[in-house]
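Structure file work-v6.cif (mmCIF, C-alpha atoms) follows.
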data_my_file
#
loop_
_atom_site.group_PDB
_atom_site.id
_atom_site.type_symbol
_atom_site.label_atom_id
_atom_site.label_comp_id
_atom_site.auth_asym_id
_atom_site.auth_seq_id
_atom_site.Cartn_x
_atom_site.Cartn_y
_atom_site.Cartn_z
ATOM 1 C CA MET A 1 169.659 8.361 158.179
ATOM 2 C CA VAL A 2 166.151 8.570 159.472
ATOM 3 C CA ILE A 3 165.103 11.680 161.270
ATOM 4 C CA LEU A 4 162.836 10.748 164.141
ATOM 5 C CA GLN A 5 159.511 12.478 164.048
ATOM 6 C CA HIS A 6 158.789 14.112 167.340
ATOM 7 C CA SER A 7 155.470 15.494 166.347
ATOM 8 C CA ARG A 8 152.786 13.390 164.910
ATOM 9 C CA SER A 9 150.244 14.275 162.335
ATOM 10 C CA GLN A 10 147.933 11.995 160.447
ATOM 11 C CA ASN A 11 149.845 12.396 157.246
ATOM 12 C CA SER A 12 153.355 12.126 158.581
ATOM 13 C CA ALA A 13 155.417 9.220 159.790
ATOM 14 C CA TYR A 14 154.474 7.511 163.008
ATOM 15 C CA ASP A 15 156.186 8.669 166.146
ATOM 16 C CA LEU A 16 159.132 6.290 166.234
ATOM 17 C CA ASP A 17 159.960 7.202 169.825
ATOM 18 C CA ALA A 18 156.527 6.062 170.883
ATOM 19 C CA THR A 19 156.832 2.933 168.760
ATOM 20 C CA PHE A 20 160.187 1.953 170.200
ATOM 21 C CA PHE A 21 159.065 2.786 173.708
ATOM 22 C CA ALA A 22 156.043 0.554 173.239
ATOM 23 C CA LEU A 23 158.165 -2.255 171.813
ATOM 24 C CA ALA A 24 160.741 -2.049 174.601
ATOM 25 C CA ASP A 25 158.554 -3.912 177.056
ATOM 26 C CA PRO A 26 158.468 -7.723 176.835
ATOM 27 C CA THR A 27 154.836 -7.954 177.962
ATOM 28 C CA ARG A 28 153.784 -5.497 175.277
ATOM 29 C CA ARG A 29 155.701 -7.451 172.651
ATOM 30 C CA ALA A 30 153.968 -10.598 173.850
ATOM 31 C CA ILE A 31 150.593 -8.875 173.616
ATOM 32 C CA LEU A 32 151.416 -7.821 170.048
ATOM 33 C CA ALA A 33 152.455 -11.369 169.209
ATOM 34 C CA ARG A 34 149.130 -12.608 170.612
ATOM 35 C CA LEU A 35 147.235 -10.069 168.484
ATOM 36 C CA VAL A 36 148.939 -11.385 165.361
ATOM 37 C CA ASP A 37 146.759 -14.456 165.830
ATOM 38 C CA GLY A 38 143.620 -12.333 165.874
ATOM 39 C CA GLU A 39 141.655 -9.707 167.753
ATOM 40 C CA ALA A 40 141.485 -9.939 171.516
ATOM 41 C CA THR A 41 139.628 -8.127 174.263
ATOM 42 C CA VAL A 42 141.172 -7.033 177.571
ATOM 43 C CA ASN A 43 139.628 -10.088 179.215
ATOM 44 C CA ASP A 44 141.042 -12.378 176.543
ATOM 45 C CA LEU A 45 144.482 -11.080 177.463
ATOM 46 C CA VAL A 46 144.217 -11.191 181.266
ATOM 47 C CA ALA A 47 144.229 -14.989 181.560
ATOM 48 C CA PRO A 48 147.254 -15.964 179.415
ATOM 49 C CA PHE A 49 149.418 -13.122 180.697
ATOM 50 C CA ASN A 50 148.568 -13.660 184.328
ATOM 51 C CA ILE A 51 148.542 -9.954 185.123
ATOM 52 C CA SER A 52 145.736 -7.714 186.330
ATOM 53 C CA GLN A 53 143.169 -6.155 184.085
ATOM 54 C CA PRO A 54 144.339 -2.583 184.868
ATOM 55 C CA ALA A 55 147.902 -3.587 184.003
ATOM 56 C CA ILE A 56 146.783 -5.035 180.679
ATOM 57 C CA SER A 57 144.760 -1.897 179.991
ATOM 58 C CA LYS A 58 147.803 0.254 180.689
ATOM 59 C CA HIS A 59 149.922 -1.742 178.248
ATOM 60 C CA LEU A 60 147.178 -1.525 175.643
ATOM 61 C CA LYS A 61 147.063 2.233 176.057
ATOM 62 C CA VAL A 62 150.792 2.514 175.358
ATOM 63 C CA LEU A 63 150.451 0.292 172.295
ATOM 64 C CA GLU A 64 147.450 2.285 171.138
ATOM 65 C CA ARG A 65 149.241 5.596 171.559
ATOM 66 C CA ALA A 66 152.087 4.253 169.439
ATOM 67 C CA GLY A 67 149.547 3.318 166.805
ATOM 68 C CA LEU A 68 150.586 -0.320 167.021
ATOM 69 C CA ILE A 69 147.089 -1.486 167.817
ATOM 70 C CA SER A 70 143.607 -0.161 167.412
ATOM 71 C CA ALA A 71 140.299 -0.906 169.048
ATOM 72 C CA SER A 72 137.095 -1.719 167.259
ATOM 73 C CA LEU A 73 134.616 0.919 168.259
ATOM 74 C CA ASP A 74 131.536 -0.850 167.067
ATOM 75 C CA LYS A 75 131.687 -3.697 169.537
ATOM 76 C CA GLN A 76 131.032 -3.316 173.234
ATOM 77 C CA LYS A 77 134.152 -5.108 174.408
ATOM 78 C CA ARG A 78 136.384 -3.159 172.045
ATOM 79 C CA PRO A 79 138.606 -5.994 170.888
ATOM 80 C CA ARG A 80 142.090 -4.798 169.965
ATOM 81 C CA ARG A 81 143.779 -5.598 166.703
ATOM 82 C CA ILE A 82 147.255 -5.041 165.428
ATOM 83 C CA GLU A 83 148.259 -2.219 163.081
ATOM 84 C CA ALA A 84 151.224 -3.063 160.912
ATOM 85 C CA ALA A 85 152.403 0.301 159.573
ATOM 86 C CA PRO A 86 154.211 1.798 162.586
ATOM 87 C CA LEU A 87 155.917 -1.485 163.300
ATOM 88 C CA GLU A 88 157.019 -1.622 159.727
ATOM 89 C CA GLU A 89 158.685 1.740 160.188
ATOM 90 C CA ALA A 90 160.443 0.585 163.337
ATOM 91 C CA VAL A 91 161.787 -2.502 161.618
ATOM 92 C CA ASP A 92 162.819 -0.369 158.675
ATOM 93 C CA TRP A 93 164.722 1.977 160.960
ATOM 94 C CA LEU A 94 166.934 -0.820 162.221
ATOM 95 C CA GLU A 95 167.418 -2.226 158.772
ATOM 96 C CA LYS A 96 168.277 1.217 157.397
ATOM 97 C CA TYR A 97 170.740 1.784 160.190
ATOM 98 C CA ARG A 98 172.451 -1.484 159.381
ATOM 99 C CA GLU A 99 172.442 -0.745 155.655
ATOM 100 C CA LEU A 100 173.916 2.667 156.289
ATOM 101 C CA TRP A 101 176.891 1.186 158.104
ATOM 102 C CA GLU A 102 177.289 -1.647 155.651
ATOM 103 C CA GLY A 103 177.493 0.923 152.840
ATOM 104 C CA ASN A 104 180.119 2.889 154.740
ATOM 105 C CA TYR A 105 182.133 -0.188 155.609
ATOM 106 C CA LYS A 106 182.162 -1.463 152.042
ATOM 107 C CA ARG A 107 183.721 1.834 151.005
ATOM 108 C CA LEU A 108 186.166 1.452 153.886
ATOM 109 C CA ASP A 109 187.041 -2.073 152.656
ATOM 110 C CA ALA A 110 187.874 -0.633 149.258
ATOM 111 C CA LEU A 111 189.937 2.167 150.780
ATOM 112 C CA LEU A 112 191.879 -0.268 152.981
ATOM 113 C CA GLY A 113 192.579 -2.360 149.897
ATOM 114 C CA VAL A 114 194.109 0.670 148.194
ATOM 115 C CA MET A 115 196.095 1.572 151.306
ATOM 116 C CA LYS A 116 197.499 -1.962 151.523
ATOM 117 C CA THR A 117 198.588 -1.923 147.887
ATOM 118 C CA GLU A 118 200.276 1.458 148.383
ATOM 119 C CA ASN A 119 202.069 0.145 151.463
ATOM 120 C CA LYS A 120 203.363 -2.883 149.566
ATOM 121 C CA ASN A 121 204.613 -0.708 146.722
ATOM 122 C CA LYS A 122 206.393 1.540 149.209
ATOM 123 C CA LYS A 123 208.091 -1.448 150.811
ATOM 124 C CA LYS A 124 209.099 -2.773 147.411
ATOM 125 C CA LYS A 125 210.680 0.562 146.533
ATOM 126 C CA ILE A 126 212.577 0.684 149.804
ATOM 127 C CA GLY A 127 213.665 -2.918 149.293
ATOM 128 C CA GLY A 128 214.718 -2.127 145.714
ATOM 129 C CA LYS A 129 217.024 0.633 146.819
ATOM 130 C CA LYS A 130 219.012 -1.674 149.058
ATOM 131 C CA MET B 1 171.923 -10.394 152.112
ATOM 132 C CA SER B 2 175.651 -9.769 152.246
ATOM 133 C CA ASN B 3 178.658 -11.842 153.180
ATOM 134 C CA SER B 4 180.046 -9.270 155.594
ATOM 135 C CA ASP B 5 180.062 -10.031 159.309
ATOM 136 C CA LEU B 6 178.644 -6.668 160.294
ATOM 137 C CA LYS B 7 176.651 -6.963 163.481
ATOM 138 C CA VAL B 8 174.415 -4.400 165.095
ATOM 139 C CA ALA B 9 173.262 -5.504 168.512
ATOM 140 C CA ALA B 10 171.816 -4.132 171.710
ATOM 141 C CA ARG B 11 173.651 -4.363 175.001
ATOM 142 C CA GLY B 12 172.294 -3.348 178.371
ATOM 143 C CA ASP B 13 169.884 -0.446 178.595
ATOM 144 C CA ARG B 14 171.480 2.236 176.487
ATOM 145 C CA GLU B 15 174.157 0.679 174.339
ATOM 146 C CA LEU B 16 174.240 -0.262 170.713
ATOM 147 C CA VAL B 17 177.195 -2.346 169.590
ATOM 148 C CA ILE B 18 178.368 -2.325 165.987
ATOM 149 C CA SER B 19 181.102 -4.770 165.048
ATOM 150 C CA ARG B 20 182.853 -5.922 161.919
ATOM 151 C CA THR B 21 186.157 -7.390 160.772
ATOM 152 C CA PHE B 22 188.373 -5.645 158.227
ATOM 153 C CA ASP B 23 191.067 -7.292 156.159
ATOM 154 C CA ALA B 24 193.779 -4.812 157.152
ATOM 155 C CA PRO B 25 196.065 -4.075 160.112
ATOM 156 C CA ALA B 26 194.701 -2.078 163.061
ATOM 157 C CA GLN B 27 196.838 0.984 162.318
ATOM 158 C CA MET B 28 195.312 1.264 158.874
ATOM 159 C CA VAL B 29 191.739 0.992 160.126
ATOM 160 C CA PHE B 30 192.482 3.428 162.946
ATOM 161 C CA ASP B 31 193.910 5.909 160.431
ATOM 162 C CA ALA B 32 190.909 5.504 158.157
ATOM 163 C CA TYR B 33 188.739 6.376 161.156
ATOM 164 C CA THR B 34 190.717 9.409 162.323
ATOM 165 C CA LYS B 35 192.397 11.079 159.321
ATOM 166 C CA PRO B 36 190.107 13.510 157.479
ATOM 167 C CA GLU B 37 191.540 12.766 154.021
ATOM 168 C CA LEU B 38 190.695 9.090 154.561
ATOM 169 C CA LEU B 39 187.410 9.575 156.440
ATOM 170 C CA ARG B 40 186.031 11.675 153.594
ATOM 171 C CA GLN B 41 186.387 8.691 151.300
ATOM 172 C CA TRP B 42 184.120 6.311 153.153
ATOM 173 C CA LEU B 43 182.020 7.900 155.898
ATOM 174 C CA LEU B 44 179.205 9.097 153.686
ATOM 175 C CA GLY B 45 176.016 7.542 154.930
ATOM 176 C CA MET B 46 173.378 7.182 152.259
ATOM 177 C CA ASP B 47 173.779 7.461 148.519
ATOM 178 C CA GLY B 48 173.862 10.965 147.118
ATOM 179 C CA TRP B 49 175.535 12.486 150.161
ATOM 180 C CA THR B 50 179.035 13.961 150.207
ATOM 181 C CA MET B 51 181.113 15.049 153.145
ATOM 182 C CA THR B 52 181.620 18.804 152.965
ATOM 183 C CA VAL B 53 183.287 19.317 156.337
ATOM 184 C CA CYS B 54 185.629 16.837 157.966
ATOM 185 C CA GLU B 55 187.832 18.215 160.710
ATOM 186 C CA VAL B 56 189.568 16.032 163.276
ATOM 187 C CA ASP B 57 191.763 17.287 166.095
ATOM 188 C CA LEU B 58 193.038 13.917 167.274
ATOM 189 C CA ARG B 59 194.086 14.554 170.842
ATOM 190 C CA VAL B 60 192.342 14.180 174.168
ATOM 191 C CA GLY B 61 189.980 17.122 174.484
ATOM 192 C CA GLY B 62 190.315 17.813 170.747
ATOM 193 C CA ARG B 63 187.138 18.146 168.726
ATOM 194 C CA TYR B 64 185.937 16.695 165.462
ATOM 195 C CA ARG B 65 183.241 17.953 163.154
ATOM 196 C CA TYR B 66 181.536 16.336 160.151
ATOM 197 C CA VAL B 67 178.988 17.846 157.802
ATOM 198 C CA TRP B 68 177.330 15.996 154.951
ATOM 199 C CA ARG B 69 175.363 17.489 152.128
ATOM 200 C CA LYS B 70 172.911 15.958 149.734
ATOM 201 C CA GLU B 71 173.707 17.668 146.457
ATOM 202 C CA LYS B 72 170.280 17.331 144.900
ATOM 203 C CA THR B 73 168.309 18.883 147.704
ATOM 204 C CA ASN B 74 171.021 20.852 149.499
ATOM 205 C CA ASP B 75 170.039 19.115 152.729
ATOM 206 C CA GLU B 76 172.764 19.280 155.304
ATOM 207 C CA MET B 77 173.437 17.104 158.278
ATOM 208 C CA GLY B 78 176.148 17.824 160.804
ATOM 209 C CA MET B 79 177.579 16.180 163.858
ATOM 210 C CA GLY B 80 180.560 16.548 166.109
ATOM 211 C CA GLY B 81 182.087 15.825 169.457
ATOM 212 C CA ALA B 82 185.268 15.626 171.472
ATOM 213 C CA PHE B 83 187.858 12.926 172.058
ATOM 214 C CA GLN B 84 188.008 11.673 175.626
ATOM 215 C CA GLU B 85 190.606 8.939 175.245
ATOM 216 C CA ILE B 86 193.012 7.948 172.488
ATOM 217 C CA ILE B 87 195.237 4.863 172.362
ATOM 218 C CA ASN B 88 196.537 4.821 168.805
ATOM 219 C CA PRO B 89 195.878 2.366 167.121
ATOM 220 C CA GLU B 90 193.867 0.320 169.644
ATOM 221 C CA LYS B 91 191.055 2.526 170.796
ATOM 222 C CA PHE B 92 189.425 5.903 170.927
ATOM 223 C CA VAL B 93 186.533 7.287 172.901
ATOM 224 C CA ALA B 94 184.582 10.286 171.640
ATOM 225 C CA THR B 95 181.307 12.027 172.332
ATOM 226 C CA GLU B 96 178.884 12.617 169.492
ATOM 227 C CA GLN B 97 175.963 14.904 168.970
ATOM 228 C CA PHE B 98 174.013 15.551 165.818
ATOM 229 C CA ASP B 99 172.972 19.096 164.869
ATOM 230 C CA GLN B 100 169.524 17.802 164.126
ATOM 231 C CA GLU B 101 168.709 15.446 166.897
ATOM 232 C CA TRP B 102 167.499 12.389 165.064
ATOM 233 C CA TYR B 103 167.806 10.799 168.453
ATOM 234 C CA PRO B 104 167.403 12.914 171.580
ATOM 235 C CA GLY B 105 170.596 13.972 173.352
ATOM 236 C CA GLY B 106 174.014 12.620 172.498
ATOM 237 C CA ALA B 107 176.097 9.494 172.774
ATOM 238 C CA LEU B 108 179.525 8.305 173.806
ATOM 239 C CA SER B 109 181.277 6.178 171.240
ATOM 240 C CA THR B 110 184.049 3.760 172.227
ATOM 241 C CA ILE B 111 185.768 2.244 169.218
ATOM 242 C CA THR B 112 188.289 -0.555 169.650
ATOM 243 C CA PHE B 113 190.546 -1.985 166.945
ATOM 244 C CA THR B 114 191.781 -5.494 167.717
ATOM 245 C CA GLU B 115 194.274 -6.968 165.285
ATOM 246 C CA THR B 116 194.693 -10.713 164.782
ATOM 247 C CA ASP B 117 196.677 -12.242 161.900
ATOM 248 C CA GLY B 118 196.648 -8.999 159.940
ATOM 249 C CA LYS B 119 192.881 -8.584 160.276
ATOM 250 C CA THR B 120 191.186 -6.064 162.506
ATOM 251 C CA PHE B 121 188.065 -6.628 164.533
ATOM 252 C CA LEU B 122 186.372 -3.297 165.033
ATOM 253 C CA GLN B 123 183.842 -2.756 167.746
ATOM 254 C CA ASN B 124 181.939 0.488 168.194
ATOM 255 C CA VAL B 125 180.008 0.697 171.435
ATOM 256 C CA MET B 126 177.560 3.572 171.298
ATOM 257 C CA GLN B 127 176.300 4.550 174.710
ATOM 258 C CA TYR B 128 173.324 6.856 174.472
ATOM 259 C CA ASP B 129 172.399 9.464 177.076
ATOM 260 C CA THR B 130 169.737 8.251 179.433
ATOM 261 C CA ASN B 131 166.626 8.384 177.368
ATOM 262 C CA GLU B 132 163.530 6.277 177.219
ATOM 263 C CA ALA B 133 163.252 6.386 173.472
ATOM 264 C CA ARG B 134 166.843 5.363 172.846
ATOM 265 C CA GLU B 135 166.681 2.649 175.448
ATOM 266 C CA ALA B 136 163.709 1.502 173.571
ATOM 267 C CA VAL B 137 165.595 1.402 170.281
ATOM 268 C CA LEU B 138 168.229 -0.724 171.893
ATOM 269 C CA ALA B 139 165.878 -2.984 173.743
ATOM 270 C CA SER B 140 163.530 -3.353 170.816
ATOM 271 C CA PRO B 141 163.315 -6.161 168.287
ATOM 272 C CA MET B 142 166.950 -7.205 168.367
ATOM 273 C CA GLU B 143 167.578 -8.021 171.980
ATOM 274 C CA ASP B 144 165.606 -11.142 172.742
ATOM 275 C CA GLY B 145 166.492 -12.534 169.360
ATOM 276 C CA LEU B 146 162.826 -11.986 168.584
ATOM 277 C CA ALA B 147 160.243 -14.041 170.359
ATOM 278 C CA PRO B 148 158.555 -16.565 168.071
ATOM 279 C CA GLY B 149 155.446 -14.416 168.022
ATOM 280 C CA TYR B 150 157.541 -11.489 166.989
ATOM 281 C CA ASP B 151 158.786 -13.385 163.962
ATOM 282 C CA ARG B 152 155.208 -13.811 162.915
ATOM 283 C CA LEU B 153 154.742 -10.106 163.404
ATOM 284 C CA GLU B 154 157.502 -9.423 160.985
ATOM 285 C CA ALA B 155 156.001 -11.822 158.505
ATOM 286 C CA LEU B 156 152.769 -9.920 158.857
ATOM 287 C CA VAL B 157 154.536 -6.653 158.200
ATOM 288 C CA THR B 158 156.167 -8.113 155.120
ATOM 289 C CA ASN B 159 152.827 -9.281 153.832
ATOM 290 C CA GLU B 160 151.361 -5.854 154.418
ATOM 291 C CA LYS B 161 154.204 -4.382 152.449
ATOM 292 C CA ARG B 162 153.541 -6.715 149.558
ATOM 293 C CA SER B 163 149.853 -5.872 149.583
ATOM 294 C CA ALA B 164 150.701 -2.191 149.615
ATOM 295 C CA ALA B 165 153.049 -2.672 146.682
ATOM 296 C CA LYS B 166 150.281 -4.346 144.746
ATOM 297 C CA GLY B 167 148.143 -1.291 145.415
ATOM 298 C CA GLU B 168 145.569 -3.108 147.491
#
If you took the structure in this file and wrote it as structure tokens, what would it be?
Amino acid sequence: MVILQHSRSQNSAYDLDATFFALADPTRRAILARLVDGEATVNDLVAPFNISQPAISKHLKVLERAGLISASLDKQKRPRRIEAAPLEEAVDWLEKYRELWEGNYKRLDALLGVMKTENKNKKKKIGGKK
Amino acid sequence: MSNSDLKVAARGDRELVISRTFDAPAQMVFDAYTKPELLRQWLLGMDGWTMTVCEVDLRVGGRYRYVWRKEKTNDEMGMGGAFQEIINPEKFVATEQFDQEWYPGGALSTITFTETDGKTFLQNVMQYDTNEAREAVLASPMEDGLAPGYDRLEALVTNEKRSAAKGE
């Protein structure tokens, strides 16, 4: 099971809470999807999303805080680009969660198999006595 | 990846629904979920962990407590809660809280066992305490069945992983 990191340091795992919070919003997911195609500035994003520039900036801030995107400092318009690592961790979390349960349930399958066999044997014995 | 029908899905704002079918009658699955001697045999989590404490007081208001230990590192992880409703073998409702909060707060787990033709459909609805982060877990990638752009995102992540593996 993955322990969520509530503090963030440069060497440690990304803050999954922040990542999931950032991913929870459909507009932010759409912005991320747009950034997969390449860098984009705030203005690039205003038109297709049909929301105000401040609103876009707010979303970008959340994504940036989660480490999902970064801004190029060297250019005046600071185009944003996507950062894969934190997202990778988020996807991994879900996959690990699923794997964890699948592992448990496979053991449960085996146990139920044993229990069924035992039940049958019991019934046979009872039947045999009659 | 596997032929099991295990599903993990988001529902509403704070629920996570786990479901799966077992090839056994409901009473058997219910027992496996509520009797310590049976629980110990399957509810282990990741490889290398064993269940060191498994106590279940199966009555409304009764408590349960699980502790797992990783032998190699002596790491321990514990959780517990109380039963709020029990309809043997159809359903039970219990709270859960981990000692180490790997998610903030606790959750309410409603597990139903529905038997059809000797098979049991199990559904575990986990309702998390109001919490932005957990809502986010539930609302995240799974819910919209992934927007097309999101699929590309995943592909990107996979590529990154491959590059990393190659040591680039």
Inset, instruction - For atom CA of Ile56 of chain A and atom CA of Arg78 of chain A, determine how far apart the two atoms are, in Å to one decimal place. - result: 13.6 Å
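The coordinates place atom CA of Gln97 of chain B at 10.7 Å from atom CA of Tyr64 of chain B.
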Legend entry - Straight-line distance linking atom CA of Thr112 of chain B with atom CA of Lys106 of chain A, stated in Å to one decimal: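 Between these atoms lies a distance of 18.7 Å.
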Inset, instruction - Measuring atom to atom with only C-alpha atoms, identify which of A:Lys61, A:Lys116, A:Arg29, A:Arg81 is nearest to Val29 of chain B. - result: A:Lys116
Could you list, with a cut-off of 7 Å and counting only C-alpha atoms, the residues of chain A near chain B, each shown with its nearest atom pair and the distance in Å rounded to one decimal, rows sorted by chain and ascending number, as a Markdown table?
| residue | atom | partner | partner_atom | distance |
| --- | --- | --- | --- | --- |
| A:Val2 | CA | B:Trp102 | CA | 6.9 |
| A:Ile3 | CA | B:Trp102 | CA | 4.5 |
| A:Leu4 | CA | B:Trp102 | CA | 5.0 |
| A:Asp17 | CA | B:Ala133 | CA | 5.0 |
| A:Phe20 | CA | B:Ala136 | CA | 4.9 |
| A:Phe21 | CA | B:Ala136 | CA | 4.8 |
| A:Leu23 | CA | B:Ser140 | CA | 5.6 |
| A:Ala24 | CA | B:Ala136 | CA | 4.7 |
| A:Ala33 | CA | B:Gly149 | CA | 4.4 |
| A:Val36 | CA | B:Leu153 | CA | 6.3 |
| A:Ala84 | CA | B:Val157 | CA | 5.6 |
| A:Glu88 | CA | B:Val157 | CA | 5.8 |
| A:Arg98 | CA | B:Val8 | CA | 6.7 |
| A:Leu100 | CA | B:Gly45 | CA | 5.5 |
| A:Glu102 | CA | B:Leu6 | CA | 7.0 |
| A:Asn104 | CA | B:Leu43 | CA | 5.5 |
| A:Arg107 | CA | B:Trp42 | CA | 5.0 |
| A:Leu108 | CA | B:Trp42 | CA | 5.3 |
| A:Asp109 | CA | B:Phe22 | CA | 6.8 |
| A:Leu112 | CA | B:Ala24 | CA | 6.5 |
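Residue nearest Leu68 of chain A, chosen from A:Gly38, A:Thr19, A:Gln53, A:Ile126 and counting only C-alpha atoms: A:Thr19.
Nearest to Glu71 of chain B of all the residues B:Phe92, B:Phe121, B:Phe113, B:Trp49 is B:Trp49, based on all atoms listed in the file.
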Legend entry - Nearest to Met79 of chain B, chosen from B:Asn124, B:Thr50, B:Thr116, B:Thr95, with all atoms listed in the file counted in the distances: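 Using all atoms listed in the file, Met79 of chain B sits closest to B:Thr95.
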Legend entry - From A:Gly103, A:Gly113, A:Pro86, A:Pro79, residue lying nearest Asn43 of chain A [all atoms listed in the file]: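 Nearest to Asn43 of chain A: A:Pro79.
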Is there a way to complete segment 53-74 of chain A with N, CA and C atoms and then write that out as a PDB file, in the frame of the given file?
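The new file selection.pdb reads:
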ATOM      1  N   GLN A  53     143.850  -6.833 185.178  1.00  0.00           N
ATOM      2  CA  GLN A  53     143.169  -6.155 184.085  1.00  0.00           C
ATOM      3  C   GLN A  53     143.655  -4.707 183.916  1.00  0.00           C
ATOM      4  N   PRO A  54     143.815  -3.961 185.035  1.00  0.00           N
ATOM      5  CA  PRO A  54     144.339  -2.583 184.868  1.00  0.00           C
ATOM      6  C   PRO A  54     145.727  -2.562 184.218  1.00  0.00           C
ATOM      7  N   ALA A  55     146.552  -3.537 184.578  1.00  0.00           N
ATOM      8  CA  ALA A  55     147.902  -3.587 184.003  1.00  0.00           C
ATOM      9  C   ALA A  55     147.834  -3.836 182.500  1.00  0.00           C
ATOM     10  N   ILE A  56     146.974  -4.761 182.109  1.00  0.00           N
ATOM     11  CA  ILE A  56     146.783  -5.035 180.679  1.00  0.00           C
ATOM     12  C   ILE A  56     146.294  -3.772 179.966  1.00  0.00           C
ATOM     13  N   SER A  57     145.329  -3.104 180.596  1.00  0.00           N
ATOM     14  CA  SER A  57     144.760  -1.897 179.991  1.00  0.00           C
ATOM     15  C   SER A  57     145.833  -0.831 179.795  1.00  0.00           C
ATOM     16  N   LYS A  58     146.726  -0.731 180.776  1.00  0.00           N
ATOM     17  CA  LYS A  58     147.803   0.254 180.689  1.00  0.00           C
ATOM     18  C   LYS A  58     148.700  -0.058 179.490  1.00  0.00           C
ATOM     19  N   HIS A  59     149.079  -1.328 179.377  1.00  0.00           N
ATOM     20  CA  HIS A  59     149.922  -1.742 178.248  1.00  0.00           C
ATOM     21  C   HIS A  59     149.221  -1.462 176.914  1.00  0.00           C
ATOM     22  N   LEU A  60     147.925  -1.744 176.884  1.00  0.00           N
ATOM     23  CA  LEU A  60     147.178  -1.525 175.643  1.00  0.00           C
ATOM     24  C   LEU A  60     147.152  -0.048 175.278  1.00  0.00           C
ATOM     25  N   LYS A  61     147.072   0.790 176.305  1.00  0.00           N
ATOM     26  CA  LYS A  61     147.063   2.233 176.057  1.00  0.00           C
ATOM     27  C   LYS A  61     148.374   2.680 175.397  1.00  0.00           C
ATOM     28  N   VAL A  62     149.477   2.152 175.926  1.00  0.00           N
ATOM     29  CA  VAL A  62     150.792   2.514 175.358  1.00  0.00           C
ATOM     30  C   VAL A  62     150.874   2.055 173.901  1.00  0.00           C
ATOM     31  N   LEU A  63     150.415   0.838 173.661  1.00  0.00           N
ATOM     32  CA  LEU A  63     150.451   0.292 172.295  1.00  0.00           C
ATOM     33  C   LEU A  63     149.545   1.106 171.366  1.00  0.00           C
ATOM     34  N   GLU A  64     148.409   1.511 171.929  1.00  0.00           N
ATOM     35  CA  GLU A  64     147.450   2.285 171.138  1.00  0.00           C
ATOM     36  C   GLU A  64     148.019   3.653 170.783  1.00  0.00           C
ATOM     37  N   ARG A  65     148.652   4.279 171.777  1.00  0.00           N
ATOM     38  CA  ARG A  65     149.241   5.596 171.559  1.00  0.00           C
ATOM     39  C   ARG A  65     150.318   5.535 170.479  1.00  0.00           C
ATOM     40  N   ALA A  66     151.032   4.428 170.443  1.00  0.00           N
ATOM     41  CA  ALA A  66     152.087   4.253 169.439  1.00  0.00           C
ATOM     42  C   ALA A  66     151.494   3.884 168.078  1.00  0.00           C
ATOM     43  N   GLY A  67     150.195   3.670 168.060  1.00  0.00           N
ATOM     44  CA  GLY A  67     149.547   3.318 166.805  1.00  0.00           C
ATOM     45  C   GLY A  67     149.760   1.865 166.409  1.00  0.00           C
ATOM     46  N   LEU A  68     150.290   1.076 167.342  1.00  0.00           N
ATOM     47  CA  LEU A  68     150.586  -0.320 167.021  1.00  0.00           C
ATOM     48  C   LEU A  68     149.343  -1.194 167.038  1.00  0.00           C
ATOM     49  N   ILE A  69     148.356  -0.742 167.793  1.00  0.00           N
ATOM     50  CA  ILE A  69     147.089  -1.486 167.817  1.00  0.00           C
ATOM     51  C   ILE A  69     145.937  -0.490 167.721  1.00  0.00           C
ATOM     52  N   SER A  70     144.798  -1.009 167.389  1.00  0.00           N
ATOM     53  CA  SER A  70     143.607  -0.161 167.412  1.00  0.00           C
ATOM     54  C   SER A  70     142.464  -0.959 168.005  1.00  0.00           C
ATOM     55  N   ALA A  71     141.453  -0.248 168.443  1.00  0.00           N
ATOM     56  CA  ALA A  71     140.299  -0.906 169.048  1.00  0.00           C
ATOM     57  C   ALA A  71     139.092  -0.758 168.134  1.00  0.00           C
ATOM     58  N   SER A  72     138.339  -1.819 168.032  1.00  0.00           N
ATOM     59  CA  SER A  72     137.095  -1.719 167.259  1.00  0.00           C
ATOM     60  C   SER A  72     136.078  -0.961 168.094  1.00  0.00           C
ATOM     61  N   LEU A  73     135.544   0.072 167.504  1.00  0.00           N
ATOM     62  CA  LEU A  73     134.616   0.919 168.259  1.00  0.00           C
ATOM     63  C   LEU A  73     133.203   0.357 168.268  1.00  0.00           C
ATOM     64  N   ASP A  74     132.924  -0.429 167.249  1.00  0.00           N
ATOM     65  CA  ASP A  74     131.536  -0.850 167.067  1.00  0.00           C
ATOM     66  C   ASP A  74     131.111  -1.969 168.019  1.00  0.00           C
TER      67      ASP A  74
END
